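The next block holds one structure in the form of structure tokens; read it before the comments.
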Amino acid sequence: MEDRKAVIVGISGASSSGKTTLARLLRDVFPNTFVLHEDDFYKPETELPSKEGLLDWDCAESISIPDMTRALAHIRAHGTFPPFVDSKEDQNSVGACPVPDAAITAAKAKVASWTQPGQPGHSILASPDSSLRMCLVDGFLLYSAEMEQGGVSALLDTKLFLLVSHASATRRRGRRDGYVTLEGFWTDPPGYVDKIVWPNYVAAHAPLFKNGDVEGALDEDVLKEKGILAQVGKGLDVDMQTTFEWAVDTLMRQLEELAGKR
């Protein structure tokens, strides 16, 4: 699998689509796995653009893409969390886990079996002779044109995309207290989802959907061209247990393919 120390997996989708929840679940199921958050690459508030009189945290211009690319290159080369990244994201709560303990236990057992000696996953992530690690990158703009132009997409070995309806995204984001930032704490002002979050999501992701309708059907030809994997045909608001089980199976398959075992 080339001369690298890590496999990098992107997990992207709209704000409140379940990215961070899924990343944390997968981190706890797969061995030698850690999470990098796109949100840790926000520029200082003084450098953020404004839209409709509000700070715009949800556009590519708010992210230091060169710093993010540098971090991903470090991970691929060294297999460790970049020492120059000061992570704030894990201080943010994502609420109670929506996946039952029994489903998490079953997933752990499946991965544990897959990584036993003689099984495909052993030489990939669990063998004493393997120094390979897996990095899960959680970000709301990973597959945007700006990230592609900035070199982020080329550093992602596998790309998972989560869907969510406008109604669910609005409801879930409204339940959050706020977000830890470099300067302190951010709380969404009234109407922030409709004025900033959702329009930016539509603008960045419309090309992935037929007729540009982000609540309609995915364009499978575009997904294939960009190497993006999604739960096609399953609807917008797939429950997290189903998404989690899909992601576990998908990652095992993808890791085997990347390792040349298929």
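We label chains A, B, ... in the order they appear in the structure tokens, count residues from 1 in each chain, and number ligands from 1 in the order shown.
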Notebook entry, point to check: Which residues come within 6 Å of Ser62 in chain A, counting only C-alpha atoms, excluding same-chain residues fewer than 6 positions away, as a PyMOL selection string?
Noted result: chain A and resi 42-43+48
Next item on the list: as a PyMOL selection string, list the residues of range 19-231 of chain A assigned to helix (DSSP H, G or I) by DSSP on the backbone atoms of this structure.
Entry: chain A and resi 19-29+38-41+45-47+60-62+65-78+89-91+101-114+122-126+145-149+153-155+166-174+192-208+210-212+220-226
Write out as a Markdown table the residues of range 22-54 of chain A that have any atom within 9 Å of an atom of range 76-87 of chain A, one row each with the nearest atom pair and its distance in Å to one decimal, counting only C-alpha atoms, sorted by chain and then rising number.
```
| residue | atom | partner | partner_atom | distance |
| --- | --- | --- | --- | --- |
| A:Phe34 | CA | A:Phe81 | CA | 7.7 |
| A:Val35 | CA | A:Phe81 | CA | 8.3 |
| A:Leu36 | CA | A:Phe81 | CA | 7.6 |
| A:His37 | CA | A:Ser87 | CA | 7.8 |
| A:Asp39 | CA | A:Ser87 | CA | 8.6 |
| A:Asp40 | CA | A:Ser87 | CA | 5.5 |
| A:Phe41 | CA | A:Val85 | CA | 8.1 |
```
Excluding Val9 in chain A and any residue of its chain fewer than 6 positions from it, enumerate the residues within 6 Å of it, using only C-alpha atoms, and give them as a PDB file with C-alpha atoms, in the first residue's frame.
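This is the output file part30.pdb:
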```pdb
ATOM      1  CA  LEU A 136     -10.975   9.637   9.985  1.00  0.00           C
ATOM      2  CA  VAL A 137     -11.392  13.197   8.737  1.00  0.00           C
ATOM      3  CA  LEU A 156      -8.307  11.200   0.989  1.00  0.00           C
ATOM      4  CA  ASP A 157      -8.113   7.469   0.276  1.00  0.00           C
ATOM      5  CA  THR A 158     -11.806   6.785   0.920  1.00  0.00           C
ATOM      6  CA  LYS A 159     -14.682   9.271   0.866  1.00  0.00           C
TER       7      LYS A 159
END
```
Check: Distance CA of Lys108 in chain A-CA of Met252 in chain A, one decimal place?
Finding: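 Between these atoms lies a distance of 12.2 Å.
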